[in-house]
Every structure is written in structure tokens, then in C-alpha cells.
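As provided, my_file-v4.cif (mmCIF, N, CA and C atoms) reads as follows.
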data_run
loop_
_atom_site.label_atom_id
_atom_site.label_comp_id
_atom_site.auth_asym_id
_atom_site.auth_seq_id
_atom_site.Cartn_x
_atom_site.Cartn_y
_atom_site.Cartn_z
N MET A 1 -70.11 -109.16 -9.20
CA MET A 1 -69.40 -110.43 -9.18
C MET A 1 -68.20 -110.35 -10.11
N LYS A 2 -67.11 -110.89 -9.65
CA LYS A 2 -65.88 -110.89 -10.44
C LYS A 2 -66.01 -111.85 -11.61
N ALA A 3 -65.57 -111.41 -12.77
CA ALA A 3 -65.60 -112.29 -13.93
C ALA A 3 -64.64 -113.45 -13.71
N LEU A 4 -65.09 -114.65 -14.06
CA LEU A 4 -64.26 -115.83 -13.85
C LEU A 4 -63.37 -116.04 -15.07
N SER A 5 -62.35 -115.22 -15.18
CA SER A 5 -61.41 -115.34 -16.27
C SER A 5 -60.06 -115.75 -15.71
N PHE A 6 -59.13 -116.01 -16.58
CA PHE A 6 -57.79 -116.41 -16.16
C PHE A 6 -56.78 -115.56 -16.92
N PRO A 7 -56.67 -114.26 -16.54
CA PRO A 7 -55.79 -113.35 -17.28
C PRO A 7 -54.32 -113.63 -17.00
N LYS A 8 -53.46 -113.04 -17.81
CA LYS A 8 -52.02 -113.22 -17.63
C LYS A 8 -51.55 -112.74 -16.27
N SER A 9 -52.24 -111.76 -15.70
CA SER A 9 -51.84 -111.25 -14.39
C SER A 9 -52.04 -112.28 -13.28
N SER A 10 -52.79 -113.35 -13.55
CA SER A 10 -53.02 -114.40 -12.56
C SER A 10 -52.09 -115.60 -12.74
N ARG A 11 -51.13 -115.48 -13.66
CA ARG A 11 -50.25 -116.61 -13.96
C ARG A 11 -48.80 -116.27 -13.68
N LEU A 12 -48.04 -117.27 -13.29
CA LEU A 12 -46.59 -117.13 -13.23
C LEU A 12 -46.09 -117.38 -14.65
N LEU A 13 -45.47 -116.38 -15.27
CA LEU A 13 -45.13 -116.48 -16.68
C LEU A 13 -43.65 -116.73 -16.94
N LYS A 14 -42.79 -116.21 -16.10
CA LYS A 14 -41.36 -116.25 -16.36
C LYS A 14 -40.67 -117.26 -15.45
N PRO A 15 -39.56 -117.82 -15.90
CA PRO A 15 -38.81 -118.74 -15.04
C PRO A 15 -38.40 -118.09 -13.72
N GLY A 16 -38.15 -116.79 -13.73
CA GLY A 16 -37.79 -116.09 -12.51
C GLY A 16 -38.91 -116.08 -11.48
N ASP A 17 -40.16 -116.03 -11.97
CA ASP A 17 -41.32 -116.08 -11.07
C ASP A 17 -41.37 -117.43 -10.36
N TYR A 18 -41.14 -118.50 -11.11
CA TYR A 18 -41.11 -119.83 -10.51
C TYR A 18 -39.94 -119.94 -9.55
N GLY A 19 -38.79 -119.40 -9.95
CA GLY A 19 -37.59 -119.46 -9.12
C GLY A 19 -37.79 -118.80 -7.77
N LYS A 20 -38.49 -117.67 -7.75
CA LYS A 20 -38.75 -116.99 -6.47
C LYS A 20 -39.54 -117.89 -5.53
N VAL A 21 -40.50 -118.62 -6.06
CA VAL A 21 -41.31 -119.51 -5.23
C VAL A 21 -40.47 -120.67 -4.74
N PHE A 22 -39.72 -121.30 -5.64
CA PHE A 22 -38.91 -122.46 -5.26
C PHE A 22 -37.79 -122.08 -4.29
N ASP A 23 -37.22 -120.87 -4.44
CA ASP A 23 -36.12 -120.44 -3.57
C ASP A 23 -36.59 -119.97 -2.20
N ASP A 24 -37.82 -119.47 -2.11
CA ASP A 24 -38.31 -118.89 -0.86
C ASP A 24 -39.68 -119.46 -0.50
N VAL A 25 -39.77 -120.77 -0.35
CA VAL A 25 -41.04 -121.41 -0.01
C VAL A 25 -41.38 -121.07 1.43
N GLN A 26 -42.52 -120.43 1.63
CA GLN A 26 -42.97 -120.12 2.99
C GLN A 26 -44.17 -120.94 3.40
N ILE A 27 -44.90 -121.45 2.40
CA ILE A 27 -46.07 -122.27 2.69
C ILE A 27 -45.99 -123.53 1.82
N ARG A 28 -46.14 -124.68 2.47
CA ARG A 28 -46.18 -125.97 1.77
C ARG A 28 -47.50 -126.65 2.14
N VAL A 29 -48.21 -127.09 1.11
CA VAL A 29 -49.45 -127.83 1.33
C VAL A 29 -49.28 -129.18 0.63
N PRO A 30 -48.87 -130.20 1.37
CA PRO A 30 -48.65 -131.51 0.73
C PRO A 30 -49.94 -132.31 0.63
N HIS A 31 -49.97 -133.17 -0.36
CA HIS A 31 -51.06 -134.11 -0.57
C HIS A 31 -50.47 -135.30 -1.31
N ARG A 32 -51.17 -136.40 -1.30
CA ARG A 32 -50.66 -137.60 -1.95
C ARG A 32 -50.46 -137.38 -3.44
N ASN A 33 -51.33 -136.60 -4.08
CA ASN A 33 -51.27 -136.39 -5.53
C ASN A 33 -50.75 -135.02 -5.95
N PHE A 34 -50.66 -134.08 -5.02
CA PHE A 34 -50.22 -132.72 -5.34
C PHE A 34 -49.26 -132.23 -4.27
N LEU A 35 -48.49 -131.20 -4.64
CA LEU A 35 -47.72 -130.43 -3.68
C LEU A 35 -47.90 -128.97 -4.08
N ILE A 36 -48.37 -128.17 -3.14
CA ILE A 36 -48.53 -126.74 -3.41
C ILE A 36 -47.47 -125.99 -2.63
N LEU A 37 -46.70 -125.16 -3.33
CA LEU A 37 -45.69 -124.31 -2.72
C LEU A 37 -46.13 -122.87 -2.95
N ALA A 38 -45.95 -122.03 -1.93
CA ALA A 38 -46.39 -120.65 -2.07
C ALA A 38 -45.48 -119.71 -1.30
N THR A 39 -45.40 -118.49 -1.79
CA THR A 39 -44.69 -117.42 -1.12
C THR A 39 -45.47 -116.12 -1.35
N PRO A 40 -45.49 -115.22 -0.38
CA PRO A 40 -46.26 -113.97 -0.55
C PRO A 40 -45.70 -113.10 -1.67
N ASN A 41 -46.59 -112.35 -2.31
CA ASN A 41 -46.16 -111.37 -3.32
C ASN A 41 -46.74 -110.01 -2.94
N ASN A 42 -46.31 -108.98 -3.64
CA ASN A 42 -46.76 -107.61 -3.36
C ASN A 42 -47.78 -107.11 -4.37
N LEU A 43 -48.40 -108.01 -5.11
CA LEU A 43 -49.29 -107.61 -6.19
C LEU A 43 -50.73 -107.40 -5.76
N GLY A 44 -51.11 -107.93 -4.61
CA GLY A 44 -52.48 -107.78 -4.15
C GLY A 44 -53.42 -108.87 -4.62
N HIS A 45 -52.91 -109.83 -5.39
CA HIS A 45 -53.73 -110.95 -5.85
C HIS A 45 -52.84 -112.17 -6.02
N ALA A 46 -53.48 -113.33 -6.06
CA ALA A 46 -52.75 -114.58 -6.20
C ALA A 46 -52.39 -114.84 -7.65
N ARG A 47 -51.23 -115.49 -7.84
CA ARG A 47 -50.82 -115.96 -9.17
C ARG A 47 -50.48 -117.43 -9.05
N ILE A 48 -50.66 -118.17 -10.14
CA ILE A 48 -50.45 -119.61 -10.10
C ILE A 48 -49.56 -120.06 -11.25
N GLY A 49 -48.74 -121.07 -10.95
CA GLY A 49 -47.92 -121.74 -11.95
C GLY A 49 -48.11 -123.24 -11.79
N LEU A 50 -48.02 -123.96 -12.90
CA LEU A 50 -48.30 -125.40 -12.88
C LEU A 50 -47.07 -126.17 -13.35
N VAL A 51 -46.78 -127.27 -12.66
CA VAL A 51 -45.66 -128.14 -13.03
C VAL A 51 -46.17 -129.58 -13.00
N PHE A 52 -46.34 -130.17 -14.19
CA PHE A 52 -46.78 -131.56 -14.30
C PHE A 52 -45.86 -132.26 -15.28
N SER A 53 -45.14 -133.25 -14.80
CA SER A 53 -44.12 -133.89 -15.62
C SER A 53 -44.65 -135.10 -16.37
N LYS A 54 -43.94 -135.46 -17.44
CA LYS A 54 -44.27 -136.66 -18.20
C LYS A 54 -44.02 -137.92 -17.37
N LYS A 55 -43.16 -137.81 -16.40
CA LYS A 55 -42.87 -138.97 -15.55
C LYS A 55 -44.12 -139.40 -14.78
N ASN A 56 -44.91 -138.42 -14.32
CA ASN A 56 -46.09 -138.73 -13.52
C ASN A 56 -47.35 -138.87 -14.35
N LEU A 57 -47.46 -138.12 -15.41
CA LEU A 57 -48.62 -138.19 -16.32
C LEU A 57 -48.07 -138.39 -17.74
N LYS A 58 -48.10 -139.61 -18.21
CA LYS A 58 -47.42 -139.97 -19.45
C LYS A 58 -47.96 -139.25 -20.69
N LEU A 59 -49.27 -139.19 -20.81
CA LEU A 59 -49.88 -138.64 -22.02
C LEU A 59 -50.22 -137.17 -21.86
N ALA A 60 -50.07 -136.43 -22.95
CA ALA A 60 -50.38 -134.99 -22.93
C ALA A 60 -51.83 -134.75 -22.58
N VAL A 61 -52.72 -135.61 -23.03
CA VAL A 61 -54.15 -135.44 -22.73
C VAL A 61 -54.39 -135.53 -21.23
N GLN A 62 -53.63 -136.38 -20.54
CA GLN A 62 -53.76 -136.50 -19.08
C GLN A 62 -53.24 -135.24 -18.40
N ARG A 63 -52.08 -134.76 -18.81
CA ARG A 63 -51.52 -133.54 -18.22
C ARG A 63 -52.44 -132.35 -18.44
N ASN A 64 -52.97 -132.22 -19.65
CA ASN A 64 -53.85 -131.09 -19.97
C ASN A 64 -55.15 -131.14 -19.18
N ARG A 65 -55.70 -132.33 -18.99
CA ARG A 65 -56.94 -132.47 -18.21
C ARG A 65 -56.72 -132.00 -16.77
N VAL A 66 -55.62 -132.43 -16.16
CA VAL A 66 -55.34 -132.06 -14.77
C VAL A 66 -55.08 -130.56 -14.68
N LYS A 67 -54.33 -130.02 -15.63
CA LYS A 67 -54.06 -128.58 -15.60
C LYS A 67 -55.34 -127.76 -15.75
N ARG A 68 -56.25 -128.23 -16.61
CA ARG A 68 -57.54 -127.53 -16.76
C ARG A 68 -58.31 -127.53 -15.45
N ARG A 69 -58.32 -128.66 -14.76
CA ARG A 69 -59.02 -128.76 -13.47
C ARG A 69 -58.39 -127.83 -12.44
N VAL A 70 -57.06 -127.78 -12.38
CA VAL A 70 -56.39 -126.90 -11.42
C VAL A 70 -56.72 -125.44 -11.71
N ARG A 71 -56.62 -125.05 -12.97
CA ARG A 71 -56.94 -123.66 -13.34
C ARG A 71 -58.40 -123.33 -13.03
N GLU A 72 -59.30 -124.25 -13.32
CA GLU A 72 -60.72 -124.01 -13.07
C GLU A 72 -61.00 -123.81 -11.58
N THR A 73 -60.46 -124.67 -10.74
CA THR A 73 -60.71 -124.52 -9.30
C THR A 73 -60.02 -123.25 -8.78
N PHE A 74 -58.86 -122.90 -9.33
CA PHE A 74 -58.17 -121.67 -8.92
C PHE A 74 -59.03 -120.44 -9.26
N ARG A 75 -59.63 -120.43 -10.43
CA ARG A 75 -60.47 -119.29 -10.85
C ARG A 75 -61.64 -119.08 -9.91
N HIS A 76 -62.16 -120.15 -9.34
CA HIS A 76 -63.31 -120.04 -8.44
C HIS A 76 -62.93 -119.63 -7.02
N GLN A 77 -61.65 -119.58 -6.72
CA GLN A 77 -61.19 -119.16 -5.39
C GLN A 77 -60.99 -117.65 -5.42
N THR A 78 -62.04 -116.91 -5.16
CA THR A 78 -61.97 -115.45 -5.27
C THR A 78 -61.32 -114.80 -4.05
N ASP A 79 -61.16 -115.54 -2.96
CA ASP A 79 -60.64 -114.94 -1.73
C ASP A 79 -59.25 -115.46 -1.36
N LEU A 80 -58.47 -115.90 -2.34
CA LEU A 80 -57.11 -116.33 -2.04
C LEU A 80 -56.25 -115.11 -1.69
N PRO A 81 -55.32 -115.25 -0.74
CA PRO A 81 -54.43 -114.13 -0.40
C PRO A 81 -53.42 -113.87 -1.51
N ALA A 82 -52.69 -112.78 -1.39
CA ALA A 82 -51.69 -112.38 -2.38
C ALA A 82 -50.48 -113.30 -2.27
N LEU A 83 -50.51 -114.38 -3.03
CA LEU A 83 -49.44 -115.38 -3.01
C LEU A 83 -49.04 -115.74 -4.43
N ASP A 84 -47.78 -116.10 -4.60
CA ASP A 84 -47.34 -116.77 -5.81
C ASP A 84 -47.36 -118.25 -5.50
N ILE A 85 -48.12 -119.01 -6.26
CA ILE A 85 -48.39 -120.42 -5.97
C ILE A 85 -47.89 -121.28 -7.11
N VAL A 86 -47.20 -122.37 -6.77
CA VAL A 86 -46.81 -123.37 -7.75
C VAL A 86 -47.46 -124.69 -7.34
N VAL A 87 -48.18 -125.29 -8.27
CA VAL A 87 -48.83 -126.58 -8.04
C VAL A 87 -48.04 -127.64 -8.80
N LEU A 88 -47.51 -128.61 -8.06
CA LEU A 88 -46.76 -129.70 -8.66
C LEU A 88 -47.60 -130.98 -8.62
N GLY A 89 -47.54 -131.75 -9.69
CA GLY A 89 -48.26 -133.00 -9.74
C GLY A 89 -47.39 -134.15 -9.26
N ARG A 90 -48.01 -135.10 -8.59
CA ARG A 90 -47.32 -136.29 -8.13
C ARG A 90 -47.96 -137.51 -8.79
N ARG A 91 -47.41 -138.66 -8.51
CA ARG A 91 -47.92 -139.89 -9.11
C ARG A 91 -49.34 -140.18 -8.65
N GLY A 92 -50.08 -140.88 -9.48
CA GLY A 92 -51.42 -141.30 -9.14
C GLY A 92 -52.50 -140.35 -9.64
N LEU A 93 -52.13 -139.25 -10.26
CA LEU A 93 -53.13 -138.30 -10.75
C LEU A 93 -53.96 -138.89 -11.89
N ARG A 94 -53.37 -139.75 -12.66
CA ARG A 94 -54.04 -140.32 -13.83
C ARG A 94 -55.31 -141.08 -13.43
N GLU A 95 -55.28 -141.70 -12.26
CA GLU A 95 -56.41 -142.53 -11.83
C GLU A 95 -57.59 -141.71 -11.29
N LEU A 96 -57.37 -140.44 -10.97
CA LEU A 96 -58.44 -139.62 -10.39
C LEU A 96 -59.39 -139.10 -11.46
N ASP A 97 -60.69 -139.19 -11.19
CA ASP A 97 -61.66 -138.61 -12.11
C ASP A 97 -61.87 -137.13 -11.77
N ASN A 98 -62.56 -136.42 -12.64
CA ASN A 98 -62.71 -134.97 -12.47
C ASN A 98 -63.40 -134.55 -11.17
N PRO A 99 -64.49 -135.19 -10.74
CA PRO A 99 -65.10 -134.78 -9.47
C PRO A 99 -64.15 -134.96 -8.27
N THR A 100 -63.37 -136.04 -8.29
CA THR A 100 -62.40 -136.26 -7.21
C THR A 100 -61.30 -135.21 -7.25
N LEU A 101 -60.83 -134.90 -8.46
CA LEU A 101 -59.82 -133.84 -8.61
C LEU A 101 -60.35 -132.52 -8.08
N ASN A 102 -61.58 -132.16 -8.44
CA ASN A 102 -62.16 -130.89 -7.98
C ASN A 102 -62.27 -130.86 -6.46
N ALA A 103 -62.74 -131.94 -5.86
CA ALA A 103 -62.88 -131.98 -4.40
C ALA A 103 -61.52 -131.88 -3.72
N THR A 104 -60.54 -132.58 -4.24
CA THR A 104 -59.19 -132.54 -3.67
C THR A 104 -58.61 -131.14 -3.75
N LEU A 105 -58.74 -130.53 -4.91
CA LEU A 105 -58.17 -129.19 -5.09
C LEU A 105 -58.89 -128.15 -4.24
N THR A 106 -60.19 -128.25 -4.11
CA THR A 106 -60.92 -127.32 -3.25
C THR A 106 -60.45 -127.43 -1.81
N GLU A 107 -60.22 -128.66 -1.36
CA GLU A 107 -59.69 -128.85 -0.01
C GLU A 107 -58.28 -128.26 0.12
N LEU A 108 -57.45 -128.45 -0.91
CA LEU A 108 -56.09 -127.91 -0.85
C LEU A 108 -56.09 -126.38 -0.84
N TRP A 109 -56.99 -125.75 -1.58
CA TRP A 109 -57.07 -124.28 -1.56
C TRP A 109 -57.45 -123.79 -0.16
N SER A 110 -58.38 -124.48 0.49
CA SER A 110 -58.77 -124.05 1.85
C SER A 110 -57.62 -124.27 2.83
N ARG A 111 -56.87 -125.36 2.68
CA ARG A 111 -55.71 -125.58 3.54
C ARG A 111 -54.64 -124.52 3.30
N LEU A 112 -54.48 -124.08 2.06
CA LEU A 112 -53.53 -123.01 1.74
C LEU A 112 -53.94 -121.72 2.43
N ARG A 113 -55.25 -121.38 2.37
CA ARG A 113 -55.72 -120.17 3.06
C ARG A 113 -55.46 -120.26 4.55
N LYS A 114 -55.74 -121.41 5.13
CA LYS A 114 -55.55 -121.61 6.57
C LYS A 114 -54.08 -121.47 6.96
N LYS A 115 -53.18 -122.08 6.19
CA LYS A 115 -51.76 -121.97 6.49
C LYS A 115 -51.26 -120.54 6.32
N ASN A 116 -51.81 -119.82 5.35
CA ASN A 116 -51.42 -118.43 5.17
C ASN A 116 -51.86 -117.59 6.37
N CYS A 117 -53.06 -117.84 6.90
CA CYS A 117 -53.53 -117.13 8.09
C CYS A 117 -52.62 -117.41 9.27
N GLN A 118 -52.18 -118.66 9.42
CA GLN A 118 -51.27 -119.01 10.52
C GLN A 118 -49.92 -118.33 10.35
N LEU A 119 -49.46 -118.18 9.11
CA LEU A 119 -48.19 -117.52 8.83
C LEU A 119 -48.28 -116.02 9.15
N GLN A 120 -49.42 -115.41 8.83
CA GLN A 120 -49.60 -113.97 9.06
C GLN A 120 -49.81 -113.63 10.53
N LYS A 121 -50.37 -114.58 11.28
CA LYS A 121 -50.66 -114.34 12.69
C LYS A 121 -49.38 -114.47 13.50
N PRO A 122 -48.96 -113.46 14.26
CA PRO A 122 -47.75 -113.59 15.07
C PRO A 122 -47.95 -114.60 16.19
N SER A 123 -46.91 -115.36 16.46
CA SER A 123 -47.02 -116.36 17.52
C SER A 123 -46.96 -115.69 18.88
N THR A 124 -47.34 -116.40 19.93
CA THR A 124 -47.37 -115.83 21.28
C THR A 124 -45.97 -115.53 21.78
N SER A 125 -44.96 -116.28 21.35
CA SER A 125 -43.60 -116.01 21.79
C SER A 125 -43.09 -114.70 21.21
N GLU A 126 -43.54 -114.34 19.99
CA GLU A 126 -43.13 -113.08 19.40
C GLU A 126 -43.78 -111.91 20.13
N LEU A 127 -45.00 -112.11 20.60
CA LEU A 127 -45.71 -111.04 21.29
C LEU A 127 -45.13 -110.77 22.68
N SER A 128 -44.71 -111.82 23.37
CA SER A 128 -44.25 -111.65 24.75
C SER A 128 -42.73 -111.61 24.88
N GLY A 129 -42.02 -111.58 23.78
CA GLY A 129 -40.57 -111.59 23.84
C GLY A 129 -40.05 -113.00 24.00
N THR A 130 -38.92 -113.13 24.66
CA THR A 130 -38.33 -114.47 24.80
C THR A 130 -38.84 -115.19 26.02
N GLY A 131 -39.52 -114.49 26.92
CA GLY A 131 -40.06 -115.13 28.10
C GLY A 131 -39.06 -115.23 29.24
N LYS A 132 -37.88 -114.63 29.11
CA LYS A 132 -36.85 -114.73 30.13
C LYS A 132 -36.83 -113.49 31.03
N GLY A 133 -37.78 -112.61 30.87
CA GLY A 133 -37.81 -111.42 31.71
C GLY A 133 -37.08 -110.27 31.07
N THR A 134 -37.02 -109.15 31.75
CA THR A 134 -36.34 -107.97 31.24
C THR A 134 -35.02 -107.82 31.96
N GLY A 135 -34.09 -107.39 31.24
CA GLY A 135 -32.89 -107.07 31.96
C GLY A 135 -31.68 -107.56 31.42
#

If you convert what's in this file into C-alpha cells, what do you get?
Amino acid sequence: MKALSFPKSSRLLKPGDYGKVFDDVQIRVPHRNFLILATPNNLGHARIGLVFSKKNLKLAVQRNRVKRRVRETFRHQTDLPALDIVVLGRRGLRELDNPTLNATLTELWSRLRKKNCQLQKPSTSELSGTGKGTG
């Protein structure tokens, strides 16, 4: 079993890492309280970055609680594809309790996996060409 740790290799550490995700968003997973943006990486494992503003979560204790929940649910997702992921917080997070946050984030991780599978799977138009015949 993989140790449930959160090493530096699983985090987006530099502004350039965040910039790559924001500049080349290939997967968007919207939710009323969160927005997940992701782009594939060549590292073989997922990395995560968190963006929670004072505008949406006024107190530091609120921001830290939500970030802890996001990191905890991310650590338990052992089968995430090789993506650089940025999780942005939206309004209304303050009202959510921890079990609701966990359930919401677990659903968002599964939606992210599903969207990544759809992105990796070639569409039928790519397989059959343009459909206008040969010539």
C-alpha cells in the first residue's frame, strides 16, 4: 500500500507551474464551490496547487481548513492520472462542513478522472478522418 503522504513532488511549487496550468487548461471541472483546472504533465503522477482567496474565505482559519480537506482527499486518490491540477475556491465554502466538503471533493476527483479518460480517448471523427471520402 502506498504511504499516504504529501511530498513536495505532489505539489505545484513554483509560479511557473501554476502558469502552465492556467495558460494551457485542457480539463475544467466546475462546481458551485470549486473550480478544478488541469493539464497533463510528463511526470507520471499528479501534482496539485491550491488557490483560495481572502475574498471568498475571509478568515485564515477558514482557508486553512478547506485547504487541509482538499489535500487530504487528494492524498487518498491513488489512481489519479498524470496531471497538474489547480483547485480554486469559490464563494460559499465557509458554510460547508467537513463531511460535505469531503463528499464534494471525492465527486470532483471522480469527474476529473472521467474527463481525463474522455480527453485521452480519440473521437470517432479522428478515427474515420473527415468523413468526406478519399480523394

- Tell me, in Å to one decimal, how far atom C of Lys58 in chain A is from CA of Arg94 in chain A. 9.2 Å

- Message: Can you tell me which residues surround Arg90 in chain A at a distance of at most 8 Å, considering only N, CA and C atoms, apart from same-chain residues fewer than 4 positions away, and format the answer as a ChimeraX atom specification?
- Response: /A:31-35,51-53,55-57,94

For the residues in that selection, give me N, CA and C atoms as a PDB file, in the coordinates of the input.
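What ended up in again.pdb:
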ATOM      1  N   HIS A  31     -49.970-133.170  -0.360  1.00  0.00           N
ATOM      2  CA  HIS A  31     -51.060-134.110  -0.570  1.00  0.00           C
ATOM      3  C   HIS A  31     -50.470-135.300  -1.310  1.00  0.00           C
ATOM      4  N   ARG A  32     -51.170-136.400  -1.300  1.00  0.00           N
ATOM      5  CA  ARG A  32     -50.660-137.600  -1.950  1.00  0.00           C
ATOM      6  C   ARG A  32     -50.460-137.380  -3.440  1.00  0.00           C
ATOM      7  N   ASN A  33     -51.330-136.600  -4.080  1.00  0.00           N
ATOM      8  CA  ASN A  33     -51.270-136.390  -5.530  1.00  0.00           C
ATOM      9  C   ASN A  33     -50.750-135.020  -5.950  1.00  0.00           C
ATOM     10  N   PHE A  34     -50.660-134.080  -5.020  1.00  0.00           N
ATOM     11  CA  PHE A  34     -50.220-132.720  -5.340  1.00  0.00           C
ATOM     12  C   PHE A  34     -49.260-132.230  -4.270  1.00  0.00           C
ATOM     13  N   LEU A  35     -48.490-131.200  -4.640  1.00  0.00           N
ATOM     14  CA  LEU A  35     -47.720-130.430  -3.680  1.00  0.00           C
ATOM     15  C   LEU A  35     -47.900-128.970  -4.080  1.00  0.00           C
ATOM     16  N   VAL A  51     -46.780-127.270 -12.660  1.00  0.00           N
ATOM     17  CA  VAL A  51     -45.660-128.140 -13.030  1.00  0.00           C
ATOM     18  C   VAL A  51     -46.170-129.580 -13.000  1.00  0.00           C
ATOM     19  N   PHE A  52     -46.340-130.170 -14.190  1.00  0.00           N
ATOM     20  CA  PHE A  52     -46.780-131.560 -14.300  1.00  0.00           C
ATOM     21  C   PHE A  52     -45.860-132.260 -15.280  1.00  0.00           C
ATOM     22  N   SER A  53     -45.140-133.250 -14.800  1.00  0.00           N
ATOM     23  CA  SER A  53     -44.120-133.890 -15.620  1.00  0.00           C
ATOM     24  C   SER A  53     -44.650-135.100 -16.370  1.00  0.00           C
ATOM     25  N   LYS A  55     -43.160-137.810 -16.400  1.00  0.00           N
ATOM     26  CA  LYS A  55     -42.870-138.970 -15.550  1.00  0.00           C
ATOM     27  C   LYS A  55     -44.120-139.400 -14.780  1.00  0.00           C
ATOM     28  N   ASN A  56     -44.910-138.420 -14.320  1.00  0.00           N
ATOM     29  CA  ASN A  56     -46.090-138.730 -13.520  1.00  0.00           C
ATOM     30  C   ASN A  56     -47.350-138.870 -14.350  1.00  0.00           C
ATOM     31  N   LEU A  57     -47.460-138.120 -15.410  1.00  0.00           N
ATOM     32  CA  LEU A  57     -48.620-138.190 -16.320  1.00  0.00           C
ATOM     33  C   LEU A  57     -48.070-138.390 -17.740  1.00  0.00           C
ATOM     34  N   ARG A  94     -53.370-139.750 -12.660  1.00  0.00           N
ATOM     35  CA  ARG A  94     -54.040-140.320 -13.830  1.00  0.00           C
ATOM     36  C   ARG A  94     -55.310-141.080 -13.430  1.00  0.00           C
TER      37      ARG A  94
END

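Once the PyMOL selection byres ((chain A and resi 21-25) around 8) is applied to the shown structure, the selection contains Pro15, Gly16, Asp17, Tyr18, Gly19, Lys20, Gln26, Ile27, Arg28, Leu37, Ala38, Thr39, Pro40, Asp84, Ile85 and Val86 of chain A.
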
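Note on the selection: in this file the PyMOL selection byres ((chain A and resi 112-114) around 8) comes out as Ile27, Arg28, Val29, Asp79, Leu80, Pro81, Thr106, Glu107, Leu108, Trp109, Ser110, Arg111, Lys115, Asn116, Cys117, Gln118, Leu119 and Gln120 of chain A.
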
- What gap, in Å, lies between CA of Gln77 in chain A and CA of Arg65 in chain A? 19.0 Å

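These are the residues of range 12-119 of chain A assigned strand (DSSP E or B) by DSSP from backbone coordinates: Ile27, Arg28, Val29, Pro30, Phe34, Leu35, Ile36, Leu37, Ala38, Thr39, Pro40, Arg47, Ile48, Gly49, Leu50, Val51, Leu83, Asp84, Ile85, Val86, Val87, Leu88 and Gly89 of chain A.
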
- Item | Which of A:Ser9, A:Thr73, A:Asn42, A:Gln62 sits closest to Leu96 in chain A [using only C-alpha atoms] | A:Gln62

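Atom N of Leu88 in chain A is positioned 14.2 Å from atom C of Phe74 in chain A.
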
- Message: Could you pull out the helix (DSSP H, G or I) residues of chain A, going by DSSP on the backbone, and write them as number ranges by chain?
- Response: A: 8-10, 15-23, 60-75, 93-95, 98-120, 124-128

- Surrounding residues of Ser5 in chain A excluding itself and chain neighbours under 5 positions, 10 Å, only C-alpha atoms, as an MDAnalysis selection string: chainID A and resid 10 71:72 75:76

Produce a file of the selected residues containing N, CA and C atoms, as a compact mmCIF listing (two decimals), in the coordinates of the input.
# COMPACT_ATOMS: atom_id res chain seq x y z
N SER A 10 -52.79 -113.35 -13.55
CA SER A 10 -53.02 -114.40 -12.56
C SER A 10 -52.09 -115.60 -12.74
N ARG A 71 -56.62 -125.05 -12.97
CA ARG A 71 -56.94 -123.66 -13.34
C ARG A 71 -58.40 -123.33 -13.03
N GLU A 72 -59.30 -124.25 -13.32
CA GLU A 72 -60.72 -124.01 -13.07
C GLU A 72 -61.00 -123.81 -11.58
N ARG A 75 -59.63 -120.43 -10.43
CA ARG A 75 -60.47 -119.29 -10.85
C ARG A 75 -61.64 -119.08 -9.91
N HIS A 76 -62.16 -120.15 -9.34
CA HIS A 76 -63.31 -120.04 -8.44
C HIS A 76 -62.93 -119.63 -7.02

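Each of A:Ile36, A:Val66, A:Leu83, A:Leu43 was compared to Glu95 in chain A using only C-alpha atoms, and A:Val66 turns out to be the nearest.
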